[in-house]
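Undergrad: File name query21.txt; file contents compact mmCIF, C-alpha atoms and all ligand atoms; full text below.
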```txt
# COMPACT_ATOMS: atom_id res chain seq x y z
CA MET H 1 3.96 17.86 -2.38
CA VAL H 2 0.70 17.04 -4.13
CA SER H 3 -0.83 13.58 -3.62
CA ALA H 4 -3.71 11.80 -5.35
CA ALA H 5 -5.75 12.03 -2.13
CA ASP H 6 -5.08 15.74 -1.63
CA THR H 7 -8.42 17.49 -1.29
CA GLU H 8 -7.08 21.05 -1.09
CA LEU H 9 -6.46 21.11 -4.80
CA GLY H 10 -9.05 20.20 -7.42
CA LEU H 11 -8.65 17.10 -9.54
CA ALA H 12 -7.52 19.13 -12.57
CA ALA H 13 -4.60 20.70 -10.69
CA ARG H 14 -3.70 17.38 -9.07
CA VAL H 15 -3.61 15.41 -12.30
CA ARG H 16 -1.57 18.11 -13.97
CA SER H 17 0.94 18.20 -11.15
CA LEU H 18 1.12 14.43 -10.60
CA THR H 19 1.67 13.69 -14.30
CA ARG H 20 4.16 16.47 -15.03
CA ALA H 21 7.05 14.00 -15.16
CA ASP H 22 5.06 11.62 -17.39
CA HIS H 23 4.30 14.51 -19.75
CA GLU H 24 7.93 15.47 -19.83
CA ALA H 25 9.00 11.87 -20.55
CA ALA H 26 6.61 11.71 -23.54
CA GLU H 27 7.52 15.18 -24.79
CA THR H 28 11.28 14.58 -24.66
CA THR H 29 11.48 11.27 -26.55
CA PRO H 30 13.93 11.42 -29.47
CA PHE H 31 11.09 10.96 -32.00
CA VAL H 32 9.27 14.04 -30.73
CA GLY H 33 12.49 16.07 -30.43
CA ASP H 34 13.50 15.14 -33.99
CA LEU H 35 10.01 15.85 -35.33
CA MET H 36 9.87 19.27 -33.69
CA ALA H 37 13.39 20.18 -34.87
CA GLY H 38 12.68 19.28 -38.50
CA ARG H 39 15.12 16.35 -38.48
CA LEU H 40 12.55 13.81 -39.73
CA ASP H 41 10.69 13.68 -43.01
CA LEU H 42 7.02 13.85 -43.83
CA ALA H 43 6.80 10.07 -44.15
CA ALA H 44 7.76 9.81 -40.47
CA TYR H 45 4.97 12.18 -39.54
CA ALA H 46 2.56 10.16 -41.71
CA ARG H 47 3.58 7.08 -39.71
CA LEU H 48 2.72 8.90 -36.47
CA ALA H 49 -0.63 10.04 -37.90
CA SER H 50 -1.32 6.43 -38.91
CA GLN H 51 -0.82 5.27 -35.33
CA HIS H 52 -3.09 8.09 -34.17
CA TYR H 53 -5.76 6.79 -36.53
CA PHE H 54 -5.95 3.47 -34.70
CA ILE H 55 -5.89 5.14 -31.29
CA TYR H 56 -8.71 7.60 -32.07
CA GLU H 57 -10.76 4.94 -33.81
CA THR H 58 -10.96 3.01 -30.55
CA LEU H 59 -11.09 6.04 -28.25
CA GLU H 60 -13.96 7.58 -30.21
CA ARG H 61 -15.87 4.29 -30.21
CA ALA H 62 -15.48 4.29 -26.43
CA ALA H 63 -16.71 7.91 -26.38
CA ALA H 64 -19.88 6.89 -28.20
CA THR H 65 -20.52 4.34 -25.44
CA MET H 66 -19.62 6.75 -22.64
CA ARG H 67 -21.88 9.50 -23.97
CA ALA H 68 -24.65 7.92 -21.88
CA ASP H 69 -22.68 8.08 -18.62
CA PRO H 70 -23.88 10.94 -16.37
CA VAL H 71 -20.33 12.12 -15.61
CA ALA H 72 -18.12 10.93 -18.48
CA GLY H 73 -20.81 11.97 -20.98
CA ASP H 74 -20.15 15.65 -20.27
CA PHE H 75 -16.55 15.30 -21.50
CA VAL H 76 -17.70 13.92 -24.84
CA GLY H 77 -19.77 16.95 -25.79
CA PHE H 78 -17.01 19.38 -26.82
CA GLY H 79 -16.95 18.40 -30.49
CA LEU H 80 -13.30 17.34 -30.36
CA ASP H 81 -13.55 14.14 -32.46
CA ARG H 82 -10.42 13.66 -34.55
CA LEU H 83 -11.10 10.62 -36.73
CA PRO H 84 -12.53 12.38 -39.83
CA ALA H 85 -9.68 14.94 -39.80
CA LEU H 86 -7.10 12.16 -39.42
CA GLY H 87 -8.61 10.21 -42.31
CA ALA H 88 -8.44 13.32 -44.52
CA ASP H 89 -4.81 14.03 -43.47
CA LEU H 90 -3.79 10.45 -44.20
CA HIS H 91 -5.46 10.54 -47.60
CA HIS H 92 -3.45 13.69 -48.34
CA LEU H 93 -0.17 12.40 -46.88
CA ARG H 94 -0.25 8.78 -48.05
CA GLY H 95 -2.64 8.68 -50.98
CA PRO H 96 -6.02 7.08 -51.63
CA ARG H 97 -4.96 3.58 -50.55
CA TRP H 98 -3.84 4.78 -47.11
CA ARG H 99 -6.35 2.71 -45.14
CA SER H 100 -5.13 -0.63 -46.47
CA GLU H 101 -1.47 0.39 -46.06
CA ILE H 102 -1.41 1.19 -42.34
CA THR H 103 -0.93 -1.26 -39.48
CA PRO H 104 -0.64 -0.67 -35.73
CA LEU H 105 2.86 -0.94 -34.24
CA PRO H 106 3.27 -3.25 -31.20
CA ALA H 107 3.07 -0.29 -28.76
CA THR H 108 -0.12 0.87 -30.47
CA ARG H 109 -1.57 -2.62 -30.14
CA ASP H 110 -0.85 -2.51 -26.41
CA TYR H 111 -2.46 0.95 -26.18
CA LEU H 112 -5.56 -0.32 -28.02
CA ALA H 113 -5.77 -3.38 -25.76
CA ARG H 114 -5.75 -1.10 -22.73
CA LEU H 115 -8.44 1.13 -24.24
CA ARG H 116 -10.59 -1.91 -25.00
CA ALA H 117 -10.11 -3.21 -21.46
CA VAL H 118 -11.03 -0.05 -19.56
CA ALA H 119 -12.35 2.82 -21.69
CA PHE H 120 -15.68 1.21 -22.56
CA VAL H 121 -16.56 0.19 -19.02
CA ASP H 122 -14.88 2.47 -16.49
CA PRO H 123 -15.86 6.18 -16.71
CA PRO H 124 -12.81 7.57 -14.82
CA ALA H 125 -10.47 5.48 -16.99
CA PHE H 126 -12.25 6.62 -20.15
CA VAL H 127 -11.96 10.29 -19.12
CA ALA H 128 -8.27 9.69 -18.34
CA HIS H 129 -7.58 8.54 -21.90
CA HIS H 130 -9.80 11.26 -23.35
CA TYR H 131 -8.06 13.97 -21.29
CA THR H 132 -4.55 12.78 -22.18
CA ARG H 133 -5.18 12.89 -25.91
CA TYR H 134 -7.52 15.82 -26.47
CA LEU H 135 -6.05 18.30 -23.98
CA GLY H 136 -2.67 17.42 -25.44
CA ASP H 137 -3.94 18.04 -28.97
CA LEU H 138 -5.33 21.41 -27.90
CA SER H 139 -2.03 22.33 -26.19
CA GLY H 140 1.27 20.86 -27.43
CA GLY H 141 -0.50 19.71 -30.58
CA GLN H 142 -0.62 23.30 -31.71
CA MET H 143 3.18 23.44 -31.51
CA VAL H 144 3.41 20.25 -33.55
CA LYS H 145 1.17 21.87 -36.17
CA ARG H 146 3.52 24.86 -36.33
CA ALA H 147 6.51 22.55 -36.77
CA LEU H 148 4.76 20.63 -39.56
CA ARG H 149 3.97 23.84 -41.37
CA GLU H 150 7.28 25.61 -40.84
CA GLN H 151 9.76 22.73 -40.94
CA TYR H 152 8.09 20.36 -43.37
CA GLY H 153 5.97 22.70 -45.51
CA VAL H 154 2.70 20.87 -44.85
CA GLY H 155 -0.33 23.04 -45.55
CA ALA H 156 -3.82 23.02 -44.14
CA ALA H 157 -4.41 19.74 -45.98
CA GLY H 158 -2.25 17.38 -43.95
CA THR H 159 -2.63 19.18 -40.62
CA ARG H 160 -6.42 19.03 -40.16
CA PHE H 161 -5.82 16.84 -37.12
CA TYR H 162 -4.61 19.95 -35.26
CA GLU H 163 -7.51 22.17 -36.35
CA PHE H 164 -10.62 22.37 -34.21
CA PRO H 165 -13.05 24.47 -36.24
CA GLY H 166 -15.58 26.24 -34.08
CA VAL H 167 -13.80 25.20 -30.87
CA ALA H 168 -12.31 27.91 -28.65
CA ALA H 169 -9.32 25.99 -27.27
CA GLY H 170 -8.76 28.15 -24.19
CA ALA H 171 -12.43 28.08 -23.18
CA VAL H 172 -12.67 24.31 -23.73
CA LYS H 173 -9.59 23.64 -21.61
CA ARG H 174 -10.99 25.82 -18.83
CA ARG H 175 -14.39 24.14 -18.96
CA TYR H 176 -12.74 20.71 -19.13
CA ARG H 177 -10.81 21.43 -15.94
CA GLU H 178 -13.99 22.66 -14.26
CA LEU H 179 -15.71 19.41 -15.16
CA LEU H 180 -12.80 17.43 -13.71
CA ASP H 181 -13.01 19.42 -10.48
CA ALA H 182 -16.79 18.89 -10.31
CA ALA H 183 -16.79 15.15 -11.13
CA PRO H 184 -18.53 13.42 -8.20
CA TRP H 185 -16.00 10.59 -8.08
CA SER H 186 -14.93 8.83 -4.91
CA ALA H 187 -11.30 9.05 -3.74
CA ASP H 188 -10.84 5.64 -5.30
CA GLU H 189 -12.21 6.73 -8.64
CA GLN H 190 -10.07 9.88 -8.61
CA ALA H 191 -6.97 7.81 -7.90
CA ARG H 192 -7.94 5.46 -10.73
CA PHE H 193 -8.30 8.47 -13.05
CA ILE H 194 -4.84 9.79 -12.19
CA ASP H 195 -3.21 6.34 -12.50
CA GLU H 196 -4.83 5.87 -15.87
CA VAL H 197 -3.58 9.25 -17.14
CA LYS H 198 -0.06 8.11 -16.19
CA ARG H 199 -0.64 4.90 -18.11
CA ALA H 200 -1.95 6.83 -21.11
CA PHE H 201 1.21 8.96 -21.15
CA THR H 202 3.30 5.79 -21.00
CA HIS H 203 1.42 4.30 -23.95
CA ASN H 204 2.00 7.47 -25.95
CA ARG H 205 5.70 7.46 -25.08
CA GLN H 206 5.99 3.81 -26.13
CA VAL H 207 4.36 4.59 -29.48
CA PHE H 208 7.03 7.27 -30.05
CA GLU H 209 9.72 4.75 -29.11
CA ASP H 210 8.37 2.19 -31.59
CA LEU H 211 8.20 4.88 -34.27
CA ALA H 212 11.82 5.81 -33.64
CA ALA H 213 12.83 2.16 -33.96
CA ALA H 214 10.73 1.59 -37.11
C1 LIG K 301 5.67 18.18 -28.92
C2 LIG K 301 5.48 17.70 -27.74
C3 LIG K 301 4.66 18.41 -26.71
C4 LIG K 301 4.69 19.72 -26.35
C5 LIG K 301 5.58 20.81 -26.90
C6 LIG K 301 3.67 19.90 -25.33
C7 LIG K 301 3.39 21.09 -24.71
C8 LIG K 301 2.38 21.31 -23.81
C9 LIG K 301 2.10 22.56 -23.15
C10 LIG K 301 2.86 23.85 -23.35
C11 LIG K 301 1.04 22.37 -22.35
C12 LIG K 301 0.39 23.39 -21.41
C13 LIG K 301 -0.77 24.07 -22.10
C14 LIG K 301 -1.62 24.93 -21.15
O1 LIG K 301 -1.22 25.19 -20.03
O2 LIG K 301 -2.71 25.29 -21.58
C15 LIG K 301 0.63 20.99 -22.50
C16 LIG K 301 -0.42 20.41 -21.87
C17 LIG K 301 -0.80 19.10 -22.04
N1 LIG K 301 -0.17 18.14 -22.81
FE1 LIG K 301 1.46 18.42 -23.90
N2 LIG K 301 3.06 18.71 -25.11
C18 LIG K 301 3.63 17.78 -25.93
C19 LIG K 301 3.34 16.44 -26.02
C20 LIG K 301 2.30 15.85 -25.38
C21 LIG K 301 1.95 14.46 -25.49
C22 LIG K 301 2.68 13.42 -26.31
C23 LIG K 301 0.84 14.28 -24.71
C24 LIG K 301 0.06 13.01 -24.48
C25 LIG K 301 -0.37 12.28 -25.47
C26 LIG K 301 0.50 15.55 -24.11
C27 LIG K 301 -0.56 15.78 -23.26
C28 LIG K 301 -0.85 16.97 -22.66
C29 LIG K 301 -1.97 17.19 -21.75
C30 LIG K 301 -2.98 16.15 -21.31
C31 LIG K 301 -1.94 18.52 -21.37
C32 LIG K 301 -2.93 19.25 -20.45
C33 LIG K 301 -2.45 19.39 -19.04
C34 LIG K 301 -3.49 20.20 -18.24
O3 LIG K 301 -3.43 21.41 -18.35
O4 LIG K 301 -4.33 19.61 -17.59
N3 LIG K 301 1.40 16.47 -24.53
N4 LIG K 301 1.48 20.37 -23.40
```
Could I get this structure in the form of C-alpha cells?
Ligand code: HEM
TA:
Amino acid sequence: MVSAADTELGLAARVRSLTRADHEAAETTPFVGDLMAGRLDLAAYARLASQHYFIYETLERAAATMRADPVAGDFVGFGLDRLPALGADLHHLRGPRWRSEITPLPATRDYLARLRAVAFVDPPAFVAHHYTRYLGDLSGGQMVKRALREQYGVGAAGTRFYEFPGVAAGAVKRRYRELLDAAPWSADEQARFIDEVKRAFTHNRQVFEDLAAA
C-alpha cells in the first residue's frame, strides 16, 4: 500500500497511485461517458471547452507568476499553454461572439477560487493543478480528441486544444515525472502536492457534474 510519506517510490509514482481512484471518479462521470460514446452533441462539448477557457485563463496566469520559482518554474517550460488554442476552438465552435457568451458554472467558479487561493503563492499546489490538467490533456485528452473527430465530425479546427505542436508527448510526460521525483520538497510539501492533486480531480469531476445538470 502506497502512502504519501513513502520514500521508496518517487513522487511521480506515488501521486499516480494515490490518485488512481480520483482519476477514475472523474473519468467515469456520466458527462464524460456520454461524450466519449457520442451520446452528446457538439454544443455540449463547446460548453465543456468554455469551462476549460476559464480554468486555463487562471492557471496560465498563475504559471506566469510561478515561472520565477526555482522548482515550479521548471514545470512551466514545456510549451503546453492551452489558452490560445482554446480561444481558436471556441471561435470555431461558437462563433465570433463566443467570449461574451460564456460564463463559468458554479463548479468552475469554485475551481477558480481554489486556483486563486493557492496556485499563485504555493509552488507545490501550483504544480498539482498544472500536473492534473496538462498530463491529463497529453494522456486521456488524446482519446477525447479521437472521440470528437470520430463521433462528432469535428476537424482540426475545433480540436486545437488537444494538439501540442512541436511537443513530444511521451518525452514530456517522462521528463515531467523526472522533475516531480527530483523536486526538493519536504515531506510536508509533497503531501500538500498530493492532496492538491486530489482536490484538482474533484474540481474537474464537479465541473462535469454541473455540465451534466446544465
Ligand atoms: C475521457 C476521460 C479520460 C480518459 C480516457 C483518461 C485516460 C488516461 C490514461 C489512459 C492515462 C495514462 C496515460 C499514460 O500512462 O501515459 C491518463 C493519465 C492521466 N490523466 Fe486521464 N483520462 C481521462 C480523464 C481525465 C481527467 C478528467 C483528468 C483530470 C482533469 C485526467 C488527468 C490525468 C492525469 C493527471 C494523468 C497522468 C497520470 C500520471 O501518469 O502521472 N484524466 N488518463
Undergrad: Once you count all atoms listed in the file, which residues end up within 10 Å of ligand LIG 301 (chain K), and could you hand them over as a PyMOL selection string?
TA: chain H and resi 11-17+19-20+22-29+31-37+128-145+147+169-170+173-174+176-177+180+197-198+200-205+207-208
Undergrad: Put the listed atoms of range 154-164 of chain H in a box along x, y and z with 6 Å added on every side and give me the centre and edge lengths in Å to one decimal, as AutoDock Vina command-line options.
TA:
```
--center_x -4.0 --center_y 19.9 --center_z -40.1 --size_x 25.3 --size_y 18.2 --size_z 23.8
```
Undergrad: Quick one: residues within 7 Å of range 54-68 of chain H, only C-alpha atoms counted, chain neighbours fewer than 6 positions away excluded, as a PyMOL selection string?
TA: chain H and resi 76+81-83+104+112+115+119-120
Undergrad: Tell me which of H:Gly79, H:Pro184, H:Arg114, H:Ser50 sits closest to Ser100 in chain H, counting all atoms listed in the file.
TA: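 Residue with the minimum atom-to-atom distance to Ser100 in chain H: H:Ser50.
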Undergrad: Between H:Arg94, H:Leu9, H:Gly87, H:Thr108, which residue has the minimum interatomic distance to Asp210 in chain H, considering all atoms listed in the file?
TA: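 Looking only at the distances to Asp210 in chain H, the closest residue turns out to be H:Thr108.
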Undergrad: Figure out the distance between CA of Asp195 in chain H and CA of Pro123 in chain H, please, to one decimal in Å.
TA: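 So the two atoms, CA of Pro123 in chain H and CA of Asp195 in chain H, lie 13.3 Å apart.
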Undergrad: So, with all atoms listed in the file as the atoms that count, which of H:Leu80, H:Ala168, H:His52, H:Ala21 lies closest to Tyr111 in chain H?
TA: H:His52
Undergrad: Counting all atoms listed in the file, what is within 6 Å of range 156-165 of chain H, bar same-chain residues fewer than 2 positions away, as a PyMOL selection string?
TA: chain H and resi 85-86+89+92+167
Undergrad: Using all atoms listed in the file, pick whichever of H:Val172, H:Val118, H:Ala191, H:Leu105 has the shortest atom-to-atom distance to Phe75 in chain H.
TA: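 Closest candidate: H:Val172.
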Undergrad: Using only C-alpha atoms, which residue out of H:Ala187, H:Ala43, H:Val2, H:Pro70 lies closest to Gly95 in chain H?
TA: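 For Gly95 in chain H, the nearest of the candidates is H:Ala43.
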Undergrad: For a quick check of understanding, using all atoms listed in the file, which of H:Glu101, H:Asp74, H:Asp69, H:Asp110 has the smallest distance to Ala182 in chain H?
TA: H:Asp74
Undergrad: Kindly give the distance, in Å, that separates CA of Pro106 in chain H and CA of Gln206 in chain H, rounded to a single decimal.
TA: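 Separation of CA of Pro106 in chain H and CA of Gln206 in chain H: 9.1 Å.
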Undergrad: Rounded to one decimal in Å, what is the spacing between CA of Pro84 in chain H and CA of Arg99 in chain H?
TA: 12.6 Å
Undergrad: Compute the distance from (-10.9, 7.6, -12.3) to each atom, counting all atoms listed in the file, keep the residues with any atom at most 7 Å away, and return them as a list of chain:residue names; use the coordinates of the file.
TA: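 The residues that fall inside the cut-off are H:Pro123, H:Pro124, H:Ala125, H:Ala128, H:Glu189, H:Gln190, H:Ala191, H:Arg192, H:Phe193, H:Ile194.
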